[in-house]
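Below: one structure, written as structure tokens.
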6 protein chains.
Amino acid sequence: MSQPIEYADASPEVRAIYDDIMATRQTDWINNFWKVLAHHPATLRRMWDNVKQVMGPGALDPLTKELIYIAVSVTNNCQYCIASHSAAARNKGMSDEQFGELMAIIGLANDTNRLVNGYNAPIDERFKSPSK
Amino acid sequence: MSQPIEYADASPEVRAIYDDIMATRQTDWINNFWKVLAHHPATLRRMWDNVKQVMGPGALDPLTKELIYIAVSVTNNCQYCIASHSAAARNKGMSDEQFGELMAIIGLANDTNRLVNGYNAPIDERFKSPSK
Amino acid sequence: MSQPIEYADASPEVRAIYDDIMATRQTDWINNFWKVLAHHPATLRRMWDNVKQVMGPGALDPLTKELIYIAVSVTNNCQYCIASHSAAARNKGMSDEQFGELMAIIGLANDTNRLVNGYNAPIDERFKSPSK
Amino acid sequence: MSQPIEYADASPEVRAIYDDIMATRQTDWINNFWKVLAHHPATLRRMWDNVKQVMGPGALDPLTKELIYIAVSVTNNCQYCIASHSAAARNKGMSDEQFGELMAIIGLANDTNRLVNGYNAPIDERFKSPSK
Amino acid sequence: MSQPIEYADASPEVRAIYDDIMATRQTDWINNFWKVLAHHPATLRRMWDNVKQVMGPGALDPLTKELIYIAVSVTNNCQYCIASHSAAARNKGMSDEQFGELMAIIGLANDTNRLVNGYNAPIDERFKSPSK
Amino acid sequence: MSQPIEYADASPEVRAIYDDIMATRQTDWINNFWKVLAHHPATLRRMWDNVKQVMGPGALDPLTKELIYIAVSVTNNCQYCIASHSAAARNKGMSDEQFGELMAIIGLANDTNRLVNGYNAPIDERFKSPSK
């Protein structure tokens, strides 16, 4: 396990990124994901740039983006990611009922994905048009 | 690969489920997923009941449900499921831009999930409260 | 894609393993899995030794062993493996009904695995005793 | 992590399902999987219906069904599921030797699945007939 | 399936990225991965920036980087990625023997990963020091 | 969880394998992976034979072999395996910078693997020649 690097112990390069994270998120703390990435500042910088761009304003609303993130994280069993993005989703308004439905869909999709694998269903012609 | 069972060749039990699928979806065709499950009618019945309940009206809107389904299916690389649920999402209004953002989030989450694994980031105390 | 190496084109070292596979399985052909591994004879030899030992006679009956193999292969979506081990299972007596139940269990386990991930159910004390 | 909902704190709807689980399994306790699903009663009801049907009497014997469940759970690294279904398998007669062979097959299948991926072995014609 | 966007049909924004890819790689063609990402130029730009940084010169030699990429892609069964990065590894000097050993390690790691899951081996104290 | 079997409690058959592991690795201790496999001596023997052959001297240098092992283990989220093979890689000279780059590549490959899945990029003709 990598020890998180706290702000007080961080290099100026890392502090600048921490500052940007806090300013962008309008918060005064940094979660451990960023603090462990700080062991490799190039990765910290690059991943923050990615998250800022991909999770920032766009055609999908912020809550939907978090639900998609959770769907991937639950499928991969990343407990840290489930915890952090569930918290983010709660902050963005996810209700208990929505969380319950989210879990149900994730489970069901993982089920039907395997039924498709096992029966090897041929893709219907109608589905073959470019999805763009 | 299992051969899809067409309506004309299906038993009355299977036809009744096909009829319910078409009536529920207000369409006149059945996609191959159901036609291969028809080799085991108990599974066909059970899975249709699951899909009808989980993907039916609820606290999450229909398009969001499809996006979650796609997120799981892309993570698991189920080409049939990606094709069928992308088509469903298009029918429910998914734009090109939304599809692009969806792919970007799925890819990014699969990346950060592994960074968390590799660095083994400890879960922040704030994230440990029950997510319900 | 690696081209399968046919018996006629194989080195004496590879032919000796092909011969052992056919003798052990009491058959006169070699499936492509072994023919592509033949590009790296040390791997061909080692994997055949593993398969012969693990899938040979033991405390689990031969059909059960194939069902377990299929469960892993469907979960991982290895189409070649699903095809080859489904054929093996058929040869060992798997019925249509058993295949249908196998698929249903695999799908369901993939579903509940994710529900456990998402809800992060604490392991019950009763389950914590050594499973040996 | 979701807190398990104990019987004493459960709604009548949830209690009725708990009662059915205990009656069906002829036991007097409920494991945490069901107690966390109780946060979303529709999912609790639906999943119990699925498990009761899929894991109930059929063409595969009860122990074989548990072994298949374990194979999926080990492949996905679901520790809760491995613990609960290993306990169930022990109750249904799984011996130490059978557990050892089960693990060996699961490991080997995960190995050969990747060798197939990496060498991209073409599916033999003999394996292409419908597996039903 | 998304249709690749050819240079002749690409927008100036996309062409500029294609030009940078070809200049950086000192080649005169673009592979389909980039041509499908071109449907979402922001993703094309972002992913190219990531690949250029991560796969560029560093503390690991270029061939080792490709082998790591292949290890992930084989584990996930991404046939496109295996094909493209195997070609890249060949260009960087990978021998047949090295490819064979790579496959053997990937397979074995996927095996032992599951044995660890199934036996749930406790992490040795010596391994618990921060890996940085 | 399986209890590790210590040397003092091991059968002569198991001790002989422990002795070979320590002699081969020129060390005086055995890590828990082997101690849990000792519950099934045939697996302990077989897996040690596999590891000794695959991870022994060959065309890939010892550190590169460990990096490949880590890439698989991080993708599968096997914390034990990440810990043990990171320690091995450190012993074989892995620097902090190399570890950082390794994590970055693993994360990125898991990202692009899914973009390929989602966009279903067709494999370029140039990549289709046998990779041997």
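Going through the structure tokens in order, the chains are called A, B, and so on, while each chain numbers its residues from 1 and the ligands are numbered from 1 in the order shown.
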
Requested in this report: Select all residues from chain D having any atom no more than 12 Å from an atom of chain A (counting only C-alpha atoms, ignoring ligands), output as a PyMOL selection string.
Outcome: chain D and resi 1-2+36-47+50+72-73+75-80+128+130-132

Post-fit chain A coords, all in-order Cα pairs vs chain C, as a short mmCIF file (atom, residue, chain, number, x, y, z; two decimals) with N, CA and C atoms, in the first residue's frame:
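File written: selection-v4.cif
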data_model
loop_
_atom_site.label_atom_id
_atom_site.label_comp_id
_atom_site.auth_asym_id
_atom_site.auth_seq_id
_atom_site.Cartn_x
_atom_site.Cartn_y
_atom_site.Cartn_z
N MET A 1 -3.30 -13.48 -35.09
CA MET A 1 -3.69 -14.89 -34.88
C MET A 1 -2.54 -15.82 -35.23
N SER A 2 -2.30 -16.77 -34.40
CA SER A 2 -1.24 -17.75 -34.66
C SER A 2 -1.79 -18.89 -35.50
N GLN A 3 -1.06 -19.26 -36.51
CA GLN A 3 -1.48 -20.39 -37.34
C GLN A 3 -1.25 -21.69 -36.58
N PRO A 4 -2.23 -22.57 -36.58
CA PRO A 4 -2.03 -23.88 -35.93
C PRO A 4 -0.93 -24.66 -36.67
N ILE A 5 -0.12 -25.35 -35.92
CA ILE A 5 0.93 -26.18 -36.51
C ILE A 5 0.41 -27.61 -36.63
N GLU A 6 0.28 -28.05 -37.87
CA GLU A 6 -0.26 -29.39 -38.12
C GLU A 6 0.79 -30.47 -37.80
N TYR A 7 0.30 -31.66 -37.58
CA TYR A 7 1.18 -32.78 -37.23
C TYR A 7 2.30 -32.94 -38.25
N ALA A 8 1.92 -32.86 -39.53
CA ALA A 8 2.91 -33.07 -40.60
C ALA A 8 4.05 -32.05 -40.57
N ASP A 9 3.74 -30.89 -40.03
CA ASP A 9 4.74 -29.81 -40.01
C ASP A 9 5.45 -29.68 -38.66
N ALA A 10 5.09 -30.53 -37.74
CA ALA A 10 5.59 -30.37 -36.37
C ALA A 10 6.95 -31.03 -36.19
N SER A 11 7.70 -30.50 -35.23
CA SER A 11 8.99 -31.08 -34.87
C SER A 11 8.75 -32.39 -34.12
N PRO A 12 9.77 -33.23 -34.04
CA PRO A 12 9.62 -34.49 -33.27
C PRO A 12 9.19 -34.22 -31.83
N GLU A 13 9.71 -33.16 -31.23
CA GLU A 13 9.35 -32.83 -29.85
C GLU A 13 7.85 -32.56 -29.73
N VAL A 14 7.34 -31.78 -30.69
CA VAL A 14 5.91 -31.45 -30.67
C VAL A 14 5.07 -32.67 -31.02
N ARG A 15 5.51 -33.44 -31.99
CA ARG A 15 4.77 -34.66 -32.35
C ARG A 15 4.61 -35.62 -31.18
N ALA A 16 5.63 -35.69 -30.37
CA ALA A 16 5.57 -36.61 -29.22
C ALA A 16 4.45 -36.17 -28.26
N ILE A 17 4.30 -34.88 -28.12
CA ILE A 17 3.24 -34.38 -27.23
C ILE A 17 1.88 -34.60 -27.89
N TYR A 18 1.77 -34.31 -29.16
CA TYR A 18 0.52 -34.58 -29.89
C TYR A 18 0.14 -36.06 -29.73
N ASP A 19 1.13 -36.91 -29.86
CA ASP A 19 0.85 -38.35 -29.73
C ASP A 19 0.31 -38.68 -28.34
N ASP A 20 0.90 -38.04 -27.34
CA ASP A 20 0.46 -38.31 -25.97
C ASP A 20 -0.97 -37.79 -25.75
N ILE A 21 -1.26 -36.64 -26.32
CA ILE A 21 -2.61 -36.10 -26.19
C ILE A 21 -3.63 -37.06 -26.82
N MET A 22 -3.32 -37.52 -28.04
CA MET A 22 -4.26 -38.42 -28.72
C MET A 22 -4.39 -39.76 -28.00
N ALA A 23 -3.29 -40.26 -27.49
CA ALA A 23 -3.34 -41.55 -26.78
C ALA A 23 -4.14 -41.41 -25.48
N THR A 24 -3.87 -40.34 -24.76
CA THR A 24 -4.56 -40.15 -23.47
C THR A 24 -6.06 -39.96 -23.69
N ARG A 25 -6.41 -39.22 -24.74
CA ARG A 25 -7.81 -38.94 -25.00
C ARG A 25 -8.47 -39.98 -25.89
N GLN A 26 -7.72 -40.94 -26.28
CA GLN A 26 -8.25 -42.00 -27.15
C GLN A 26 -8.99 -41.41 -28.34
N THR A 27 -8.28 -40.54 -29.04
CA THR A 27 -8.86 -39.92 -30.22
C THR A 27 -7.76 -39.80 -31.28
N ASP A 28 -8.16 -39.42 -32.49
CA ASP A 28 -7.16 -39.34 -33.56
C ASP A 28 -6.98 -37.92 -34.10
N TRP A 29 -7.38 -36.94 -33.33
CA TRP A 29 -7.14 -35.57 -33.79
C TRP A 29 -6.74 -34.68 -32.61
N ILE A 30 -6.21 -33.55 -32.99
CA ILE A 30 -5.71 -32.57 -32.00
C ILE A 30 -6.44 -31.26 -32.27
N ASN A 31 -6.98 -30.65 -31.24
CA ASN A 31 -7.67 -29.37 -31.50
C ASN A 31 -6.69 -28.20 -31.50
N ASN A 32 -7.16 -27.09 -32.07
CA ASN A 32 -6.27 -25.96 -32.36
C ASN A 32 -5.57 -25.35 -31.15
N PHE A 33 -6.15 -25.48 -29.99
CA PHE A 33 -5.48 -24.92 -28.81
C PHE A 33 -4.04 -25.45 -28.71
N TRP A 34 -3.92 -26.75 -28.83
CA TRP A 34 -2.58 -27.35 -28.73
C TRP A 34 -1.71 -26.98 -29.93
N LYS A 35 -2.35 -26.86 -31.07
CA LYS A 35 -1.59 -26.55 -32.30
C LYS A 35 -1.04 -25.12 -32.31
N VAL A 36 -1.65 -24.22 -31.59
CA VAL A 36 -1.07 -22.88 -31.52
C VAL A 36 -0.01 -22.81 -30.40
N LEU A 37 -0.27 -23.55 -29.33
CA LEU A 37 0.76 -23.59 -28.27
C LEU A 37 2.06 -24.20 -28.80
N ALA A 38 1.96 -24.98 -29.86
CA ALA A 38 3.15 -25.64 -30.42
C ALA A 38 4.19 -24.65 -30.91
N HIS A 39 3.81 -23.38 -31.04
CA HIS A 39 4.81 -22.37 -31.40
C HIS A 39 5.84 -22.19 -30.29
N HIS A 40 5.49 -22.60 -29.10
CA HIS A 40 6.40 -22.52 -27.94
C HIS A 40 6.36 -23.88 -27.24
N PRO A 41 7.17 -24.81 -27.71
CA PRO A 41 7.07 -26.20 -27.22
C PRO A 41 7.13 -26.35 -25.70
N ALA A 42 7.88 -25.49 -25.03
CA ALA A 42 7.94 -25.61 -23.57
C ALA A 42 6.56 -25.36 -22.96
N THR A 43 5.83 -24.42 -23.54
CA THR A 43 4.49 -24.13 -23.04
C THR A 43 3.54 -25.28 -23.41
N LEU A 44 3.67 -25.81 -24.60
CA LEU A 44 2.83 -26.94 -25.01
C LEU A 44 3.00 -28.10 -24.04
N ARG A 45 4.23 -28.43 -23.74
CA ARG A 45 4.52 -29.53 -22.83
C ARG A 45 3.97 -29.25 -21.45
N ARG A 46 4.26 -28.07 -20.94
CA ARG A 46 3.86 -27.71 -19.59
C ARG A 46 2.34 -27.67 -19.45
N MET A 47 1.65 -27.07 -20.42
CA MET A 47 0.21 -26.96 -20.30
C MET A 47 -0.46 -28.32 -20.44
N TRP A 48 0.08 -29.16 -21.30
CA TRP A 48 -0.50 -30.50 -21.42
C TRP A 48 -0.32 -31.28 -20.11
N ASP A 49 0.84 -31.13 -19.49
CA ASP A 49 1.06 -31.79 -18.19
C ASP A 49 0.04 -31.29 -17.17
N ASN A 50 -0.21 -29.98 -17.19
CA ASN A 50 -1.19 -29.42 -16.26
C ASN A 50 -2.60 -29.95 -16.51
N VAL A 51 -3.01 -29.90 -17.77
CA VAL A 51 -4.37 -30.35 -18.11
C VAL A 51 -4.55 -31.83 -17.79
N LYS A 52 -3.53 -32.61 -18.14
CA LYS A 52 -3.63 -34.06 -17.89
C LYS A 52 -3.81 -34.33 -16.40
N GLN A 53 -3.07 -33.61 -15.59
CA GLN A 53 -3.16 -33.84 -14.15
C GLN A 53 -4.47 -33.29 -13.57
N VAL A 54 -4.80 -32.05 -13.91
CA VAL A 54 -5.95 -31.40 -13.27
C VAL A 54 -7.28 -31.96 -13.76
N MET A 55 -7.35 -32.26 -15.07
CA MET A 55 -8.61 -32.74 -15.61
C MET A 55 -8.72 -34.27 -15.60
N GLY A 56 -7.69 -34.93 -15.12
CA GLY A 56 -7.71 -36.38 -15.05
C GLY A 56 -8.55 -36.88 -13.89
N PRO A 57 -8.59 -38.20 -13.69
CA PRO A 57 -9.42 -38.79 -12.63
C PRO A 57 -9.10 -38.21 -11.26
N GLY A 58 -10.13 -38.01 -10.47
CA GLY A 58 -9.93 -37.44 -9.14
C GLY A 58 -11.20 -37.53 -8.32
N ALA A 59 -11.34 -36.62 -7.38
CA ALA A 59 -12.48 -36.65 -6.47
C ALA A 59 -13.73 -36.04 -7.10
N LEU A 60 -13.54 -35.26 -8.15
CA LEU A 60 -14.69 -34.70 -8.88
C LEU A 60 -14.85 -35.51 -10.16
N ASP A 61 -16.09 -35.78 -10.53
CA ASP A 61 -16.29 -36.58 -11.74
C ASP A 61 -15.99 -35.74 -12.98
N PRO A 62 -15.67 -36.41 -14.10
CA PRO A 62 -15.23 -35.70 -15.32
C PRO A 62 -16.23 -34.67 -15.83
N LEU A 63 -17.51 -34.93 -15.77
CA LEU A 63 -18.48 -33.95 -16.26
C LEU A 63 -18.48 -32.70 -15.39
N THR A 64 -18.45 -32.89 -14.08
CA THR A 64 -18.42 -31.74 -13.18
C THR A 64 -17.21 -30.87 -13.47
N LYS A 65 -16.08 -31.50 -13.73
CA LYS A 65 -14.87 -30.73 -14.06
C LYS A 65 -15.09 -29.86 -15.30
N GLU A 66 -15.76 -30.41 -16.28
CA GLU A 66 -16.02 -29.62 -17.50
C GLU A 66 -16.97 -28.47 -17.22
N LEU A 67 -17.96 -28.70 -16.37
CA LEU A 67 -18.92 -27.63 -16.06
C LEU A 67 -18.21 -26.46 -15.36
N ILE A 68 -17.28 -26.80 -14.49
CA ILE A 68 -16.50 -25.75 -13.80
C ILE A 68 -15.66 -24.98 -14.82
N TYR A 69 -15.07 -25.70 -15.75
CA TYR A 69 -14.26 -25.07 -16.79
C TYR A 69 -15.12 -24.10 -17.63
N ILE A 70 -16.31 -24.54 -17.96
CA ILE A 70 -17.21 -23.69 -18.73
C ILE A 70 -17.61 -22.45 -17.93
N ALA A 71 -17.84 -22.63 -16.63
CA ALA A 71 -18.25 -21.49 -15.80
C ALA A 71 -17.19 -20.40 -15.83
N VAL A 72 -15.93 -20.79 -15.75
CA VAL A 72 -14.85 -19.80 -15.82
C VAL A 72 -14.81 -19.17 -17.21
N SER A 73 -14.91 -20.00 -18.23
CA SER A 73 -14.75 -19.52 -19.61
C SER A 73 -15.89 -18.59 -20.04
N VAL A 74 -17.09 -18.86 -19.57
CA VAL A 74 -18.21 -17.98 -19.88
C VAL A 74 -18.04 -16.65 -19.14
N THR A 75 -17.60 -16.72 -17.90
CA THR A 75 -17.38 -15.49 -17.13
C THR A 75 -16.34 -14.61 -17.82
N ASN A 76 -15.28 -15.24 -18.35
CA ASN A 76 -14.22 -14.50 -19.03
C ASN A 76 -14.49 -14.25 -20.52
N ASN A 77 -15.58 -14.77 -21.03
CA ASN A 77 -15.92 -14.67 -22.45
C ASN A 77 -14.83 -15.19 -23.37
N CYS A 78 -14.42 -16.42 -23.15
CA CYS A 78 -13.45 -17.07 -24.04
C CYS A 78 -14.24 -18.01 -24.96
N GLN A 79 -14.58 -17.51 -26.15
CA GLN A 79 -15.45 -18.28 -27.04
C GLN A 79 -14.83 -19.62 -27.44
N TYR A 80 -13.54 -19.64 -27.69
CA TYR A 80 -12.90 -20.91 -28.04
C TYR A 80 -13.08 -21.93 -26.91
N CYS A 81 -12.83 -21.44 -25.69
CA CYS A 81 -12.88 -22.33 -24.53
C CYS A 81 -14.31 -22.82 -24.26
N ILE A 82 -15.27 -21.95 -24.46
CA ILE A 82 -16.67 -22.35 -24.28
C ILE A 82 -17.02 -23.43 -25.30
N ALA A 83 -16.60 -23.23 -26.53
CA ALA A 83 -16.90 -24.20 -27.58
C ALA A 83 -16.24 -25.55 -27.31
N SER A 84 -14.96 -25.51 -26.95
CA SER A 84 -14.25 -26.78 -26.78
C SER A 84 -14.72 -27.53 -25.53
N HIS A 85 -14.94 -26.81 -24.45
CA HIS A 85 -15.36 -27.50 -23.23
C HIS A 85 -16.84 -27.86 -23.23
N SER A 86 -17.65 -27.12 -24.00
CA SER A 86 -19.05 -27.55 -24.15
C SER A 86 -19.09 -28.86 -24.94
N ALA A 87 -18.24 -28.95 -25.96
CA ALA A 87 -18.18 -30.21 -26.72
C ALA A 87 -17.74 -31.35 -25.81
N ALA A 88 -16.73 -31.08 -24.98
CA ALA A 88 -16.25 -32.11 -24.07
C ALA A 88 -17.34 -32.51 -23.08
N ALA A 89 -18.07 -31.52 -22.59
CA ALA A 89 -19.13 -31.81 -21.63
C ALA A 89 -20.24 -32.64 -22.29
N ARG A 90 -20.56 -32.32 -23.54
CA ARG A 90 -21.56 -33.10 -24.27
C ARG A 90 -21.09 -34.56 -24.37
N ASN A 91 -19.82 -34.73 -24.70
CA ASN A 91 -19.27 -36.09 -24.81
C ASN A 91 -19.35 -36.85 -23.50
N LYS A 92 -19.32 -36.11 -22.41
CA LYS A 92 -19.35 -36.75 -21.10
C LYS A 92 -20.76 -36.81 -20.53
N GLY A 93 -21.74 -36.50 -21.38
CA GLY A 93 -23.12 -36.73 -20.98
C GLY A 93 -23.97 -35.53 -20.61
N MET A 94 -23.44 -34.32 -20.76
CA MET A 94 -24.24 -33.14 -20.40
C MET A 94 -25.52 -33.09 -21.24
N SER A 95 -26.65 -32.95 -20.57
CA SER A 95 -27.93 -32.85 -21.27
C SER A 95 -28.25 -31.39 -21.58
N ASP A 96 -29.26 -31.18 -22.45
CA ASP A 96 -29.70 -29.82 -22.75
C ASP A 96 -30.16 -29.11 -21.48
N GLU A 97 -30.87 -29.83 -20.64
CA GLU A 97 -31.38 -29.22 -19.43
C GLU A 97 -30.22 -28.82 -18.50
N GLN A 98 -29.22 -29.68 -18.42
CA GLN A 98 -28.06 -29.35 -17.58
C GLN A 98 -27.32 -28.13 -18.13
N PHE A 99 -27.20 -28.07 -19.46
CA PHE A 99 -26.55 -26.89 -20.05
C PHE A 99 -27.34 -25.63 -19.70
N GLY A 100 -28.63 -25.70 -19.82
CA GLY A 100 -29.48 -24.55 -19.50
C GLY A 100 -29.32 -24.11 -18.05
N GLU A 101 -29.28 -25.09 -17.16
CA GLU A 101 -29.12 -24.73 -15.73
C GLU A 101 -27.73 -24.16 -15.47
N LEU A 102 -26.74 -24.72 -16.13
CA LEU A 102 -25.37 -24.21 -15.99
C LEU A 102 -25.32 -22.73 -16.37
N MET A 103 -25.88 -22.40 -17.51
CA MET A 103 -25.88 -21.01 -17.95
C MET A 103 -26.61 -20.11 -16.95
N ALA A 104 -27.72 -20.60 -16.44
CA ALA A 104 -28.50 -19.81 -15.48
C ALA A 104 -27.71 -19.52 -14.21
N ILE A 105 -26.99 -20.52 -13.73
CA ILE A 105 -26.20 -20.32 -12.51
C ILE A 105 -25.05 -19.34 -12.76
N ILE A 106 -24.36 -19.51 -13.88
CA ILE A 106 -23.24 -18.62 -14.22
C ILE A 106 -23.73 -17.17 -14.28
N GLY A 107 -24.85 -16.97 -14.97
CA GLY A 107 -25.38 -15.61 -15.07
C GLY A 107 -25.74 -15.05 -13.70
N LEU A 108 -26.44 -15.85 -12.93
CA LEU A 108 -26.88 -15.39 -11.61
C LEU A 108 -25.69 -15.07 -10.69
N ALA A 109 -24.68 -15.92 -10.72
CA ALA A 109 -23.51 -15.67 -9.87
C ALA A 109 -22.82 -14.38 -10.27
N ASN A 110 -22.75 -14.11 -11.57
CA ASN A 110 -22.15 -12.85 -12.01
C ASN A 110 -22.98 -11.65 -11.57
N ASP A 111 -24.26 -11.85 -11.43
CA ASP A 111 -25.15 -10.80 -10.93
C ASP A 111 -24.91 -10.58 -9.43
N THR A 112 -25.05 -11.64 -8.66
CA THR A 112 -24.93 -11.47 -7.20
C THR A 112 -23.52 -11.05 -6.79
N ASN A 113 -22.50 -11.49 -7.54
CA ASN A 113 -21.14 -11.02 -7.25
C ASN A 113 -21.10 -9.49 -7.25
N ARG A 114 -21.78 -8.86 -8.21
CA ARG A 114 -21.76 -7.40 -8.28
C ARG A 114 -22.64 -6.76 -7.24
N LEU A 115 -23.76 -7.39 -6.90
CA LEU A 115 -24.58 -6.83 -5.82
C LEU A 115 -23.77 -6.82 -4.53
N VAL A 116 -23.00 -7.87 -4.32
CA VAL A 116 -22.14 -7.91 -3.13
C VAL A 116 -21.10 -6.80 -3.19
N ASN A 117 -20.48 -6.61 -4.35
CA ASN A 117 -19.51 -5.52 -4.51
C ASN A 117 -20.14 -4.17 -4.19
N GLY A 118 -21.30 -3.94 -4.78
CA GLY A 118 -21.91 -2.63 -4.69
C GLY A 118 -22.43 -2.31 -3.29
N TYR A 119 -23.00 -3.33 -2.63
CA TYR A 119 -23.50 -3.12 -1.27
C TYR A 119 -22.41 -3.40 -0.23
N ASN A 120 -21.33 -4.03 -0.69
CA ASN A 120 -20.20 -4.35 0.19
C ASN A 120 -20.67 -5.07 1.46
N ALA A 121 -21.37 -6.15 1.28
CA ALA A 121 -21.89 -6.92 2.40
C ALA A 121 -20.75 -7.45 3.27
N PRO A 122 -20.82 -7.20 4.58
CA PRO A 122 -19.79 -7.74 5.49
C PRO A 122 -19.92 -9.26 5.59
N ILE A 123 -18.78 -9.94 5.62
CA ILE A 123 -18.82 -11.41 5.68
C ILE A 123 -19.33 -11.85 7.05
N ASP A 124 -20.32 -12.71 7.06
CA ASP A 124 -20.91 -13.22 8.29
C ASP A 124 -19.86 -14.02 9.07
N GLU A 125 -19.92 -13.89 10.39
CA GLU A 125 -18.96 -14.61 11.24
C GLU A 125 -18.95 -16.11 10.94
N ARG A 126 -20.12 -16.66 10.71
CA ARG A 126 -20.20 -18.11 10.46
C ARG A 126 -19.42 -18.54 9.22
N PHE A 127 -19.22 -17.60 8.32
CA PHE A 127 -18.53 -17.94 7.07
C PHE A 127 -17.02 -17.78 7.19
N LYS A 128 -16.57 -17.25 8.34
CA LYS A 128 -15.15 -16.93 8.44
C LYS A 128 -14.26 -18.08 8.86
N SER A 129 -14.85 -19.18 9.29
CA SER A 129 -14.00 -20.31 9.66
C SER A 129 -13.24 -20.74 8.41
N PRO A 130 -12.04 -21.26 8.61
CA PRO A 130 -11.22 -21.68 7.46
C PRO A 130 -12.01 -22.63 6.56
N SER A 131 -11.98 -22.37 5.29
CA SER A 131 -12.64 -23.26 4.34
C SER A 131 -11.68 -24.37 3.97
N LYS A 132 -10.62 -24.44 4.62
CA LYS A 132 -9.53 -25.41 4.44
C LYS A 132 -8.71 -25.04 3.23
#

Query - Picked from region 20-80 of chain E by DSSP as helix (DSSP H, G or I), as number ranges by chain - result: E: 20-25, 32-37, 41-54, 62-76, 79-80
